[in-house]
>>> print(open('target_23.cif').read())   # mmCIF, C-alpha atoms
data_protein
#
loop_
_atom_site.label_atom_id
_atom_site.label_comp_id
_atom_site.auth_asym_id
_atom_site.auth_seq_id
_atom_site.Cartn_x
_atom_site.Cartn_y
_atom_site.Cartn_z
CA MET A 1 94.72 50.79 81.76
CA LYS A 2 97.81 52.79 82.75
CA ILE A 3 98.55 54.67 85.97
CA PHE A 4 100.70 57.80 86.22
CA LEU A 5 101.89 59.96 89.08
CA VAL A 6 101.05 63.57 88.13
CA GLY A 7 101.08 67.17 89.29
CA GLY A 8 102.70 68.44 92.45
CA ALA A 9 104.33 65.17 93.47
CA VAL A 10 106.31 64.97 90.20
CA ARG A 11 107.17 68.66 90.34
CA ASP A 12 108.37 68.51 93.93
CA LYS A 13 110.44 65.40 93.26
CA LEU A 14 112.19 67.22 90.42
CA LEU A 15 112.81 70.15 92.77
CA ASN A 16 114.11 67.84 95.52
CA LEU A 17 111.32 69.00 97.81
CA PRO A 18 109.38 66.80 100.25
CA ILE A 19 106.34 65.25 98.58
CA GLN A 20 103.21 66.16 100.53
CA ASP A 21 100.48 64.38 98.57
CA LYS A 22 100.44 62.03 95.63
CA ASP A 23 97.91 62.44 92.83
CA TRP A 24 97.47 59.53 90.48
CA LEU A 25 96.00 59.60 86.97
CA VAL A 26 94.40 56.56 85.37
CA VAL A 27 94.26 56.39 81.57
CA GLY A 28 92.13 53.85 79.71
CA ALA A 29 89.77 52.91 82.53
CA THR A 30 86.10 53.33 83.38
CA PRO A 31 84.36 53.71 86.74
CA GLU A 32 83.20 50.12 86.43
CA ILE A 33 86.75 48.85 86.00
CA MET A 34 87.94 50.86 89.03
CA LEU A 35 85.09 49.57 91.19
CA SER A 36 85.77 46.00 90.12
CA LYS A 37 89.34 46.37 91.38
CA GLY A 38 88.13 47.41 94.83
CA TYR A 39 88.48 51.19 94.51
CA THR A 40 85.90 53.39 96.22
CA GLN A 41 84.41 56.26 94.21
CA VAL A 42 84.18 59.73 95.74
CA GLY A 43 82.95 63.02 94.31
CA ASN A 44 80.26 63.69 91.76
CA ASP A 45 81.89 66.23 89.45
CA PHE A 46 84.40 63.79 87.99
CA PRO A 47 85.42 60.21 88.76
CA VAL A 48 87.89 60.06 91.65
CA PHE A 49 88.63 56.80 93.43
CA ILE A 50 90.33 55.82 96.66
CA ASN A 51 92.88 53.03 96.46
CA PRO A 52 92.01 50.47 99.16
CA ASP A 53 95.70 49.63 99.68
CA ASN A 54 97.18 53.09 100.28
CA GLY A 55 94.18 55.43 100.68
CA GLU A 56 95.45 57.73 97.91
CA GLU A 57 93.32 59.35 95.22
CA TYR A 58 93.22 58.04 91.67
CA SER A 59 91.45 60.17 89.02
CA LEU A 60 90.33 59.05 85.59
CA ALA A 61 91.81 61.02 82.72
CA ARG A 62 89.47 63.82 81.73
CA THR A 63 89.00 66.94 79.67
CA GLU A 64 87.11 70.13 80.45
CA ARG A 65 84.98 72.48 78.39
CA LYS A 66 84.03 75.99 79.45
CA THR A 67 80.27 76.45 79.56
CA GLY A 68 79.69 79.26 82.04
CA LYS A 69 81.30 81.83 84.27
CA GLY A 70 83.48 81.28 87.28
CA TYR A 71 85.39 78.43 88.84
CA ASN A 72 82.50 75.97 88.46
CA GLY A 73 81.51 76.91 84.91
CA PHE A 74 82.94 73.77 83.29
CA ILE A 75 81.67 70.50 81.88
CA THR A 76 84.07 67.68 82.71
CA TRP A 77 84.24 64.66 80.47
CA SER A 78 85.96 61.37 81.29
CA SER A 79 86.27 58.29 79.08
CA PRO A 80 88.79 55.51 78.35
CA ASP A 81 89.64 57.25 75.07
CA ILE A 82 91.08 60.39 76.71
CA THR A 83 94.84 60.39 76.43
CA LEU A 84 97.49 61.41 78.92
CA GLU A 85 98.36 64.39 76.73
CA GLN A 86 94.75 65.59 76.69
CA ASP A 87 94.52 65.43 80.46
CA LEU A 88 97.82 67.25 81.01
CA LYS A 89 96.79 70.02 78.63
CA ARG A 90 93.92 71.12 80.92
CA ARG A 91 96.32 71.84 83.82
CA ASP A 92 97.35 75.34 84.90
CA LEU A 93 101.16 75.56 84.80
CA THR A 94 103.74 73.62 82.83
CA ILE A 95 105.55 72.60 86.02
CA ASN A 96 102.31 70.93 87.15
CA ALA A 97 101.72 69.19 83.81
CA ILE A 98 104.37 66.47 84.06
CA ALA A 99 103.52 62.79 84.51
CA CYS A 100 105.62 59.83 85.60
CA ASP A 101 104.83 56.19 84.83
CA GLU A 102 105.52 53.14 86.97
CA ASN A 103 108.99 52.78 85.43
CA GLY A 104 109.99 56.32 86.32
CA ILE A 105 109.72 57.60 82.74
CA LEU A 106 108.61 61.23 82.55
CA PHE A 107 106.00 62.54 80.10
CA ASP A 108 106.40 66.27 79.64
CA PRO A 109 104.55 67.53 76.55
CA HIS A 110 104.62 71.18 77.70
CA ASN A 111 108.31 71.47 78.65
CA GLY A 112 107.69 71.71 82.36
CA GLN A 113 111.17 70.38 83.14
CA LYS A 114 112.70 73.23 81.16
CA ASP A 115 110.62 75.74 83.10
CA ILE A 116 111.70 74.10 86.37
CA LEU A 117 115.32 74.46 85.28
CA ASN A 118 114.75 78.12 84.29
CA ARG A 119 112.58 78.78 87.37
CA GLN A 120 109.58 79.91 85.31
CA LEU A 121 105.88 79.77 86.18
CA ARG A 122 104.25 79.50 82.75
CA HIS A 123 100.69 78.65 81.74
CA VAL A 124 100.11 75.47 79.76
CA SER A 125 97.71 76.77 77.12
CA SER A 126 95.40 79.63 76.19
CA SER A 127 92.59 77.86 78.08
CA PHE A 128 94.28 79.15 81.23
CA HIS A 129 92.08 82.25 80.97
CA GLU A 130 88.89 80.19 81.33
CA ASP A 131 89.42 79.66 85.06
CA PRO A 132 89.80 82.90 87.08
CA LEU A 133 90.98 80.97 90.14
CA ARG A 134 94.23 80.36 88.30
CA VAL A 135 95.22 83.99 88.81
CA LEU A 136 95.28 83.31 92.55
CA ARG A 137 96.94 79.93 92.11
CA VAL A 138 99.81 81.42 90.12
CA ALA A 139 100.26 84.11 92.76
CA ARG A 140 100.32 81.39 95.42
CA PHE A 141 102.88 79.33 93.52
CA ALA A 142 104.98 82.47 93.19
CA ALA A 143 104.86 82.79 96.99
CA ASN A 144 105.53 79.08 97.55
CA PHE A 145 108.57 78.97 95.29
CA ALA A 146 110.02 82.46 95.70
CA HIS A 147 112.81 81.01 97.85
CA LEU A 148 113.82 78.91 94.82
CA ASN A 149 113.90 82.05 92.62
CA PHE A 150 110.84 81.16 90.55
CA ARG A 151 109.33 84.02 88.57
CA ILE A 152 106.12 84.32 86.58
CA ALA A 153 106.70 84.21 82.83
CA LYS A 154 106.02 87.49 81.05
CA GLU A 155 103.30 86.04 78.82
CA THR A 156 101.54 84.54 81.86
CA LYS A 157 101.64 87.91 83.62
CA VAL A 158 100.04 89.50 80.58
CA LEU A 159 97.30 86.88 80.55
CA MET A 160 96.62 87.37 84.27
CA TYR A 161 96.37 91.12 83.73
CA HIS A 162 93.84 90.71 80.92
CA MET A 163 91.80 88.21 82.92
CA THR A 164 91.57 90.73 85.73
CA LYS A 165 90.80 93.62 83.40
CA ASN A 166 88.02 91.63 81.70
CA GLY A 167 86.24 91.05 85.01
CA GLU A 168 86.88 87.31 85.24
CA LEU A 169 87.67 87.46 88.96
CA SER A 170 84.26 88.84 89.86
CA ASN A 171 82.88 85.32 89.25
CA LEU A 172 84.91 83.77 92.06
CA THR A 173 83.24 82.87 95.33
CA MET A 174 84.76 84.66 98.30
CA GLU A 175 85.10 81.37 100.19
CA ARG A 176 87.32 80.10 97.40
CA VAL A 177 89.35 83.31 97.46
CA TRP A 178 89.96 82.91 101.19
CA ARG A 179 90.94 79.27 100.72
CA GLU A 180 93.69 80.24 98.27
CA THR A 181 94.72 83.24 100.37
CA SER A 182 94.95 81.21 103.56
CA LYS A 183 97.22 78.74 101.78
CA ALA A 184 99.39 81.62 100.62
CA LEU A 185 99.56 83.05 104.13
CA ILE A 186 101.25 79.92 105.45
CA SER A 187 103.85 79.88 102.66
CA ARG A 188 107.44 81.04 103.08
CA ASN A 189 106.86 84.34 101.31
CA PRO A 190 103.17 85.31 101.50
CA GLN A 191 104.00 88.92 100.69
CA ILE A 192 104.77 87.78 97.13
CA TYR A 193 101.20 86.53 96.75
CA PHE A 194 99.73 89.93 97.56
CA TYR A 195 102.32 91.79 95.49
CA VAL A 196 101.56 89.65 92.42
CA LEU A 197 97.82 90.25 92.83
CA HIS A 198 98.48 93.98 93.19
CA GLU A 199 100.68 93.98 90.09
CA CYS A 200 98.04 92.34 87.85
CA GLY A 201 95.16 94.39 89.27
CA ALA A 202 93.48 91.50 91.09
CA LEU A 203 94.06 92.96 94.56
CA LYS A 204 91.90 95.95 93.66
CA ILE A 205 88.98 93.58 93.04
CA LEU A 206 89.52 90.99 95.75
CA LEU A 207 91.14 92.96 98.56
CA PRO A 208 90.59 96.69 97.94
CA GLU A 209 91.26 97.41 101.62
CA ILE A 210 94.95 96.53 101.10
CA ASN A 211 95.16 97.71 97.51
CA GLU A 212 94.14 101.23 98.58
CA LEU A 213 97.16 101.40 100.89
CA PHE A 214 99.50 101.55 97.90
CA GLY A 215 100.12 105.20 97.22
CA VAL A 216 99.20 106.30 100.74
CA PRO A 217 102.22 108.21 102.07
CA SER A 218 103.43 107.90 105.64
CA PRO A 219 105.51 110.40 107.61
CA ILE A 220 109.13 109.66 106.79
CA GLU A 221 110.18 109.87 110.44
CA TRP A 222 108.11 106.74 111.10
CA HIS A 223 108.23 104.98 107.76
CA PRO A 224 111.35 105.37 105.60
CA GLU A 225 109.71 103.19 102.92
CA ILE A 226 107.11 105.98 102.44
CA ASP A 227 104.35 103.83 100.90
CA THR A 228 101.86 102.30 103.37
CA GLY A 229 101.10 99.39 101.06
CA MET A 230 104.75 98.37 100.97
CA HIS A 231 104.94 98.79 104.75
CA SER A 232 102.06 96.33 105.13
CA LEU A 233 103.83 93.75 102.96
CA MET A 234 107.09 94.30 104.83
CA SER A 235 105.29 93.79 108.16
CA LEU A 236 103.86 90.55 106.81
CA THR A 237 107.36 89.48 105.76
CA ILE A 238 108.74 90.07 109.26
CA SER A 239 105.81 88.26 110.86
CA VAL A 240 106.69 85.12 108.88
CA ALA A 241 110.08 84.98 110.58
CA LEU A 242 108.43 85.36 114.00
CA SER A 243 105.33 83.17 113.80
CA ASN A 244 103.72 80.30 111.91
CA SER A 245 100.25 81.51 112.93
CA ILE A 246 97.97 82.44 110.04
CA ALA A 247 96.07 84.74 112.42
CA VAL A 248 99.25 86.64 113.33
CA ARG A 249 100.29 86.99 109.70
CA PHE A 250 96.84 88.15 108.64
CA ALA A 251 96.77 90.73 111.43
CA ALA A 252 100.27 91.96 110.58
CA LEU A 253 99.16 92.50 106.97
CA LEU A 254 96.01 94.38 107.94
CA HIS A 255 97.17 96.38 110.97
CA ASP A 256 97.25 99.68 109.01
CA VAL A 257 94.20 99.02 106.85
CA GLY A 258 92.35 102.04 108.28
CA LYS A 259 94.77 104.32 106.47
CA SER A 260 93.18 103.29 103.18
CA LEU A 261 90.24 105.52 104.10
CA THR A 262 92.54 108.52 104.23
CA LYS A 263 93.68 108.16 100.62
CA HIS A 264 90.85 110.18 99.14
CA SER A 265 90.01 112.30 102.17
CA LYS A 266 91.34 115.24 104.13
CA TRP A 267 91.83 113.21 107.32
CA PRO A 268 95.34 113.23 108.76
CA ILE A 269 97.09 109.98 107.91
CA HIS A 270 97.41 108.78 111.51
CA GLN A 271 94.16 110.18 112.89
CA ASP A 272 91.99 107.38 114.28
CA HIS A 273 93.11 104.97 111.55
CA GLY A 274 92.91 102.11 114.06
CA VAL A 275 89.23 102.79 114.71
CA LEU A 276 88.60 103.27 111.01
CA GLY A 277 90.29 99.97 110.25
CA ILE A 278 88.06 97.92 112.53
CA SER A 279 84.98 98.35 110.35
CA LEU A 280 86.99 97.47 107.24
CA ILE A 281 88.34 94.29 108.81
CA LYS A 282 84.93 93.16 110.00
CA SER A 283 83.47 93.79 106.56
CA LEU A 284 86.30 91.92 104.84
CA CYS A 285 86.07 88.94 107.19
CA LYS A 286 82.33 88.70 106.68
CA ARG A 287 82.76 88.91 102.91
CA TRP A 288 85.39 86.15 102.84
CA SER A 289 83.85 83.99 105.61
CA ILE A 290 87.07 84.23 107.61
CA PRO A 291 87.06 82.44 110.99
CA ASN A 292 86.20 84.62 114.00
CA SER A 293 89.47 83.85 115.78
CA ILE A 294 91.44 85.32 112.89
CA ARG A 295 89.08 88.30 112.60
CA ASP A 296 89.23 89.11 116.32
CA LEU A 297 93.03 89.22 116.44
CA ALA A 298 93.15 91.45 113.36
CA VAL A 299 90.69 93.83 115.00
CA LEU A 300 92.77 94.01 118.18
CA ALA A 301 95.98 94.55 116.22
CA THR A 302 94.42 97.35 114.20
CA GLU A 303 93.08 99.02 117.32
CA LEU A 304 96.09 98.61 119.61
CA HIS A 305 99.32 98.28 117.60
CA ASP A 306 100.31 101.91 118.16
CA GLN A 307 99.77 101.45 121.90
CA ILE A 308 102.22 98.54 121.95
CA HIS A 309 104.99 100.77 120.62
CA ILE A 310 104.73 103.07 123.66
CA ILE A 311 103.79 100.40 126.19
CA GLU A 312 106.92 100.95 128.28
CA GLN A 313 106.00 104.60 128.76
CA GLN A 314 102.47 103.74 129.88
CA SER A 315 101.49 103.41 133.52
CA ILE A 316 101.17 99.91 134.95
CA GLU A 317 97.44 100.60 135.33
CA CYS A 318 97.21 101.19 131.57
CA LEU A 319 99.23 98.03 130.96
CA VAL A 320 96.78 95.90 132.95
CA THR A 321 93.92 97.57 131.06
CA PHE A 322 95.67 96.53 127.85
CA PHE A 323 95.79 92.92 129.05
CA ASN A 324 92.11 93.15 129.92
CA ARG A 325 91.29 94.50 126.46
CA ILE A 326 92.94 91.60 124.66
CA ASP A 327 91.30 89.11 127.06
CA ALA A 328 94.74 87.87 128.08
CA TRP A 329 93.62 86.20 131.32
CA ARG A 330 91.38 83.77 129.44
CA LYS A 331 93.51 83.70 126.27
CA PRO A 332 97.13 84.08 127.41
CA TYR A 333 98.43 83.26 123.91
CA ARG A 334 97.11 86.64 122.82
CA VAL A 335 100.01 88.37 124.62
CA GLU A 336 102.54 86.57 122.42
CA GLN A 337 100.47 87.25 119.33
CA MET A 338 100.24 90.97 120.03
CA ALA A 339 103.94 91.15 120.89
CA VAL A 340 104.82 89.55 117.55
CA ILE A 341 102.45 91.80 115.60
CA GLY A 342 103.90 94.88 117.27
CA GLU A 343 107.43 93.74 116.42
CA ALA A 344 106.49 92.93 112.83
CA ASN A 345 105.00 96.41 112.47
CA ALA A 346 108.06 98.11 113.97
CA ARG A 347 110.59 96.13 111.94
CA GLY A 348 108.55 96.16 108.74
CA ARG A 349 110.17 99.40 107.67
CA ALA A 350 113.01 100.08 105.27
CA GLY A 351 116.35 99.93 107.05
CA LEU A 352 114.80 98.89 110.38
CA GLU A 353 114.28 95.20 109.68
CA SER A 354 116.86 94.16 112.32
CA THR A 355 115.80 96.63 115.00
CA LEU A 356 115.62 95.26 118.54
CA TYR A 357 112.02 95.54 119.70
CA LYS A 358 112.16 95.76 123.49
CA GLN A 359 108.41 96.29 123.82
CA ALA A 360 107.77 92.64 122.96
CA SER A 361 109.98 91.43 125.81
CA TYR A 362 108.36 93.94 128.13
CA LEU A 363 104.89 92.62 127.33
CA ARG A 364 105.93 89.03 127.93
CA LEU A 365 107.67 89.85 131.23
CA THR A 366 104.93 92.00 132.70
CA PHE A 367 102.22 89.51 131.80
CA LYS A 368 104.23 86.74 133.44
CA LEU A 369 104.46 88.87 136.59
CA ALA A 370 100.76 89.69 136.57
CA ASN A 371 99.89 86.06 136.08
CA THR A 372 101.46 85.12 139.41
CA VAL A 373 98.33 86.50 141.09
CA SER A 374 95.79 83.77 141.91
CA SER A 375 92.12 84.55 141.56
CA GLN A 376 91.32 81.40 143.51
CA GLU A 377 93.32 82.70 146.47
CA ILE A 378 91.38 85.97 146.41
CA ILE A 379 88.08 84.10 146.44
CA GLN A 380 89.24 81.94 149.33
CA GLN A 381 90.04 85.12 151.26
CA GLY A 382 86.36 86.05 151.18
CA PHE A 383 86.15 88.50 148.26
CA LYS A 384 82.92 88.21 146.28
CA GLY A 385 81.38 89.48 143.05
CA VAL A 386 82.90 92.66 141.66
CA GLN A 387 85.29 92.76 144.61
CA VAL A 388 87.19 89.81 143.12
CA SER A 389 87.84 91.70 139.88
CA GLU A 390 88.86 94.86 141.69
CA GLU A 391 91.24 93.00 143.99
CA LEU A 392 92.70 91.05 141.07
CA THR A 393 93.50 94.30 139.28
CA LYS A 394 95.13 95.80 142.38
CA ARG A 395 97.29 92.76 143.00
CA ARG A 396 98.29 92.41 139.36
CA ILE A 397 99.42 96.04 139.30
CA TYR A 398 101.37 95.51 142.50
CA ALA A 399 102.94 92.27 141.21
CA ILE A 400 104.16 94.00 138.06
CA LYS A 401 105.54 97.02 139.93
CA LYS A 402 107.32 94.81 142.42
CA GLY A 403 108.75 92.58 139.70
CA LEU A 404 110.11 95.52 137.70
CA ILE A 405 112.04 97.01 140.60
#
>>> encode(input="target_23.cif", output="structure tokens")
Amino acid sequence: MKIFLVGGAVRDKLLNLPIQDKDWLVVGATPEIMLSKGYTQVGNDFPVFINPDNGEEYSLARTERKTGKGYNGFITWSSPDITLEQDLKRRDLTINAIACDENGILFDPHNGQKDILNRQLRHVSSSFHEDPLRVLRVARFAANFAHLNFRIAKETKVLMYHMTKNGELSNLTMERVWRETSKALISRNPQIYFYVLHECGALKILLPEINELFGVPSPIEWHPEIDTGMHSLMSLTISVALSNSIAVRFAALLHDVGKSLTKHSKWPIHQDHGVLGISLIKSLCKRWSIPNSIRDLAVLATELHDQIHIIEQQSIECLVTFFNRIDAWRKPYRVEQMAVIGEANARGRAGLESTLYKQASYLRLTFKLANTVSSQEIIQQGFKGVQVSEELTKRRIYAIKKGLI
């Protein structure tokens, strides 16, 4: 029985990155041996055990054989006879197929260290095409390691393209797609994830709402980058610098999604695209089982992002109505979220990435002023029912006007 550290922990150590989780591989053991040593078995698909001393996962060496379609269409086989090399061969990328023994000796049958040195994301074997989820995983690794100048190997790109073209991705569950996408959204460069999927054709299948934005022109006076799809990715890029919130980043990506409906129609490009986008977002979120909190912010951003740009020119009455619409009194964090999304949209344009976005500061200031009004004080003064709401609105408007003088 031999134990090896494998996968991401070895890769990250070689890249001098913090190690998040450790995955251990056990060669030459059986479930009975593991149980006799005090390990606790978890999972039914293949033998995984929890070490009682450190709580980390230890998996028995295994192989896989494709028997059906999709992510779950595999038969997994584990036995003491399966070698380290056999187990590593079933992994997705060479940089994830390196093992390290207890003496620190590396086992690298697929030249993962060379690919780390050359900053290449390369598939381990031709069996890569058997699992359609790997298309998304490669795109996510490209996003995770873009800051280290990793690129997808040409032959891997070709394989991803053919997997998409052959309809492999249609076998993925949408919940699994969202799981990979949500991980990508919290990476340093999530825009790379969506660009890679667009490049290999996967975005057209998984996220047609965004894919249709590529090729949609925008008036050059508003968008020097011309293409609405690129503007969406640029907005996402800016949002990363402004917020760690997955909801904010998702909303920044989707804020112009309604324009996809204008691609094959005679509608003007900016006519009611916010309203059009709401139905697309709700449909997408239902399809992917996306949490309601993320969906709701994306809907608000799609509906109101243009209004944020001209918020300083709006009356204070309209401003308070805006705060009402985003439910800011009960969810004050929404003001910051909408300010960030508006800024990401404004700066997510070619040549305007460093533009000062005064509207965001204006939103924060005016909401702070409006929030000085106490509803409890109004109630104590004898106002009741609808009168409380009406008086709150009046005083909030007055507080903002007074504060801006």
>>> residues_around(input="target_23.cif", residues="segment 135-142 of chain A", least_positions_apart="2", cutoff="7 Å", atoms="only C-alpha atoms", output="VMD selection string")
chain A and resid 132 to 133 144 to 146 150 to 152 160 180 184 192 to 193 196 to 197
>>> axis_aligned_box(input="target_23.cif", around="segment 36-52 of chain A", padding_each_side="6 Å", output="JSON")
{"center_x": 86.6, "center_y": 56.1, "center_z": 93.6, "size_x": 24.6, "size_y": 32.2, "size_z": 23.2}
>>> residues_around(input="target_23.cif", residues="Tyr398 of chain A", least_positions_apart="3", cutoff="10 Å", atoms="all atoms listed in the file", output="count of residues only")
13
>>> residues_around(input="target_23.cif", residues="segment 174-176 of chain A", least_positions_apart="2", cutoff="8 Å", atoms="only C-alpha atoms", output="ChimeraX atom specification")
/A:172,178-180,287-289
>>> resolve_selection(input="target_23.cif", expression="the PyMOL selection byres ((chain A and resi 322-324) around 9)", output="list in words")
Leu304, Gln307, Glu317, Cys318, Leu319, Val320, Thr321, Arg325, Ile326, Asp327, Ala328, Trp329, Arg334, Val335 and Phe367 of chain A
>>> resolve_selection(input="target_23.cif", expression="the PyMOL selection byres ((chain A and resi 282) around 12)", output="ChimeraX atom specification")
/A:209,254,257-258,275-281,283-300,302
>>> resolve_selection(input="target_23.cif", expression="the PyMOL selection byres ((chain A and resi 248) around 12)", output="number ranges by chain")
A: 182, 185-186, 235-247, 249-255, 293-302, 333-345
>>> atom_distance(input="target_23.cif", atom1="atom CA of Leu15 of chain A", atom2="atom CA of Ile105 of chain A")
16.4 Å
>>> residues_around(input="target_23.cif", residues="His129 of chain A", least_positions_apart="6", cutoff="10 Å", atoms="only C-alpha atoms", output="JSON, numbers by chain")
{"A": [92, 123, 135, 156, 159, 160, 162, 163, 164, 168]}
>>> atom_distance(input="target_23.cif", atom1="atom CA of Asp108 of chain A", atom2="atom CA of Tyr161 of chain A")
27.1 Å
>>> residues_near_point(input="target_23.cif", point="(90.2, 63.0, 76.7)", cutoff="12 Å", atoms="all atoms listed in the file", output="PyMOL selection string")
chain A and resi 26-29+60-65+76-90
>>> atom_distance(input="target_23.cif", atom1="atom CA of Ser232 of chain A", atom2="atom CA of Leu363 of chain A")
22.7 Å
>>> residues_around(input="target_23.cif", residues="Asn111 of chain A", least_positions_apart="5", cutoff="9 Å", atoms="only C-alpha atoms", output="list in words")
Thr94, Ile95, Ala97, Ile98 and Ile116 of chain A
>>> write_last_selection(input="target_23.cif", atoms="C-alpha atoms", output="CSV table (one decimal), in the coordinates of the input")
chain,number,residue,atom,x,y,z
A,94,THR,CA,103.7,73.6,82.8
A,95,ILE,CA,105.6,72.6,86.0
A,97,ALA,CA,101.7,69.2,83.8
A,98,ILE,CA,104.4,66.5,84.1
A,116,ILE,CA,111.7,74.1,86.4
>>> residues_near_point(input="target_23.cif", point="(107.1, 104.6, 125.4)", cutoff="12 Å", atoms="only C-alpha atoms", output="PyMOL selection string")
chain A and resi 306-315+319+357-359+362
>>> closest_residue(input="target_23.cif", among="A:Leu14, A:Ala143, A:Leu25, A:Leu148", to="Lys114 of chain A", atoms="only C-alpha atoms")
A:Leu14
>>> closest_residue(input="target_23.cif", among="A:His147, A:Gly7, A:Leu117, A:Glu377", to="Arg91 of chain A", atoms="only C-alpha atoms")
A:Gly7
>>> closest_residue(input="target_23.cif", among="A:Val6, A:Val124, A:Ile397, A:Leu169", to="Asp101 of chain A", atoms="only C-alpha atoms")
A:Val6
>>> decode(input="target_23.cif", residues="segment 367-382 of chain A", atoms="N, CA and C atoms", output="tab-separated table (two decimals), in the first residue's frame")
chain	number	residue	atom	x	y	z
A	367	PHE	N	-27.95	57.97	-1.12
A	367	PHE	CA	-28.59	56.94	-0.30
A	367	PHE	C	-28.23	57.13	1.17
A	368	LYS	N	-27.00	57.53	1.44
A	368	LYS	CA	-26.59	57.79	2.81
A	368	LYS	C	-27.41	58.93	3.41
A	369	LEU	N	-27.66	59.96	2.59
A	369	LEU	CA	-28.47	61.09	3.05
A	369	LEU	C	-29.91	60.66	3.31
A	370	ALA	N	-30.47	59.90	2.39
A	370	ALA	CA	-31.85	59.44	2.55
A	370	ALA	C	-32.01	58.53	3.74
A	371	ASN	N	-30.97	57.80	4.06
A	371	ASN	CA	-31.04	56.84	5.15
A	371	ASN	C	-30.98	57.49	6.53
A	372	THR	N	-30.76	58.79	6.57
A	372	THR	CA	-30.77	59.49	7.86
A	372	THR	C	-32.19	59.66	8.40
A	373	VAL	N	-33.19	59.45	7.53
A	373	VAL	CA	-34.59	59.57	7.93
A	373	VAL	C	-35.01	58.31	8.67
A	374	SER	N	-35.63	58.52	9.85
A	374	SER	CA	-36.05	57.39	10.69
A	374	SER	C	-37.54	57.11	10.54
A	375	SER	N	-37.84	55.91	10.12
A	375	SER	CA	-39.25	55.52	10.01
A	375	SER	C	-39.88	55.40	11.40
A	376	GLN	N	-39.08	54.98	12.37
A	376	GLN	CA	-39.58	54.84	13.73
A	376	GLN	C	-40.02	56.19	14.30
A	377	GLU	N	-39.26	57.22	13.97
A	377	GLU	CA	-39.61	58.57	14.43
A	377	GLU	C	-40.93	59.03	13.83
A	378	ILE	N	-41.15	58.70	12.57
A	378	ILE	CA	-42.39	59.07	11.89
A	378	ILE	C	-43.58	58.37	12.54
A	379	ILE	N	-43.41	57.11	12.87
A	379	ILE	CA	-44.48	56.36	13.52
A	379	ILE	C	-44.78	56.95	14.90
A	380	GLN	N	-43.73	57.31	15.61
A	380	GLN	CA	-43.92	57.88	16.95
A	380	GLN	C	-44.64	59.23	16.90
A	381	GLN	N	-44.54	59.89	15.76
A	381	GLN	CA	-45.21	61.18	15.58
A	381	GLN	C	-46.68	61.03	15.22
A	382	GLY	N	-47.16	59.79	15.15
A	382	GLY	CA	-48.59	59.57	14.95
A	382	GLY	C	-49.01	59.20	13.54
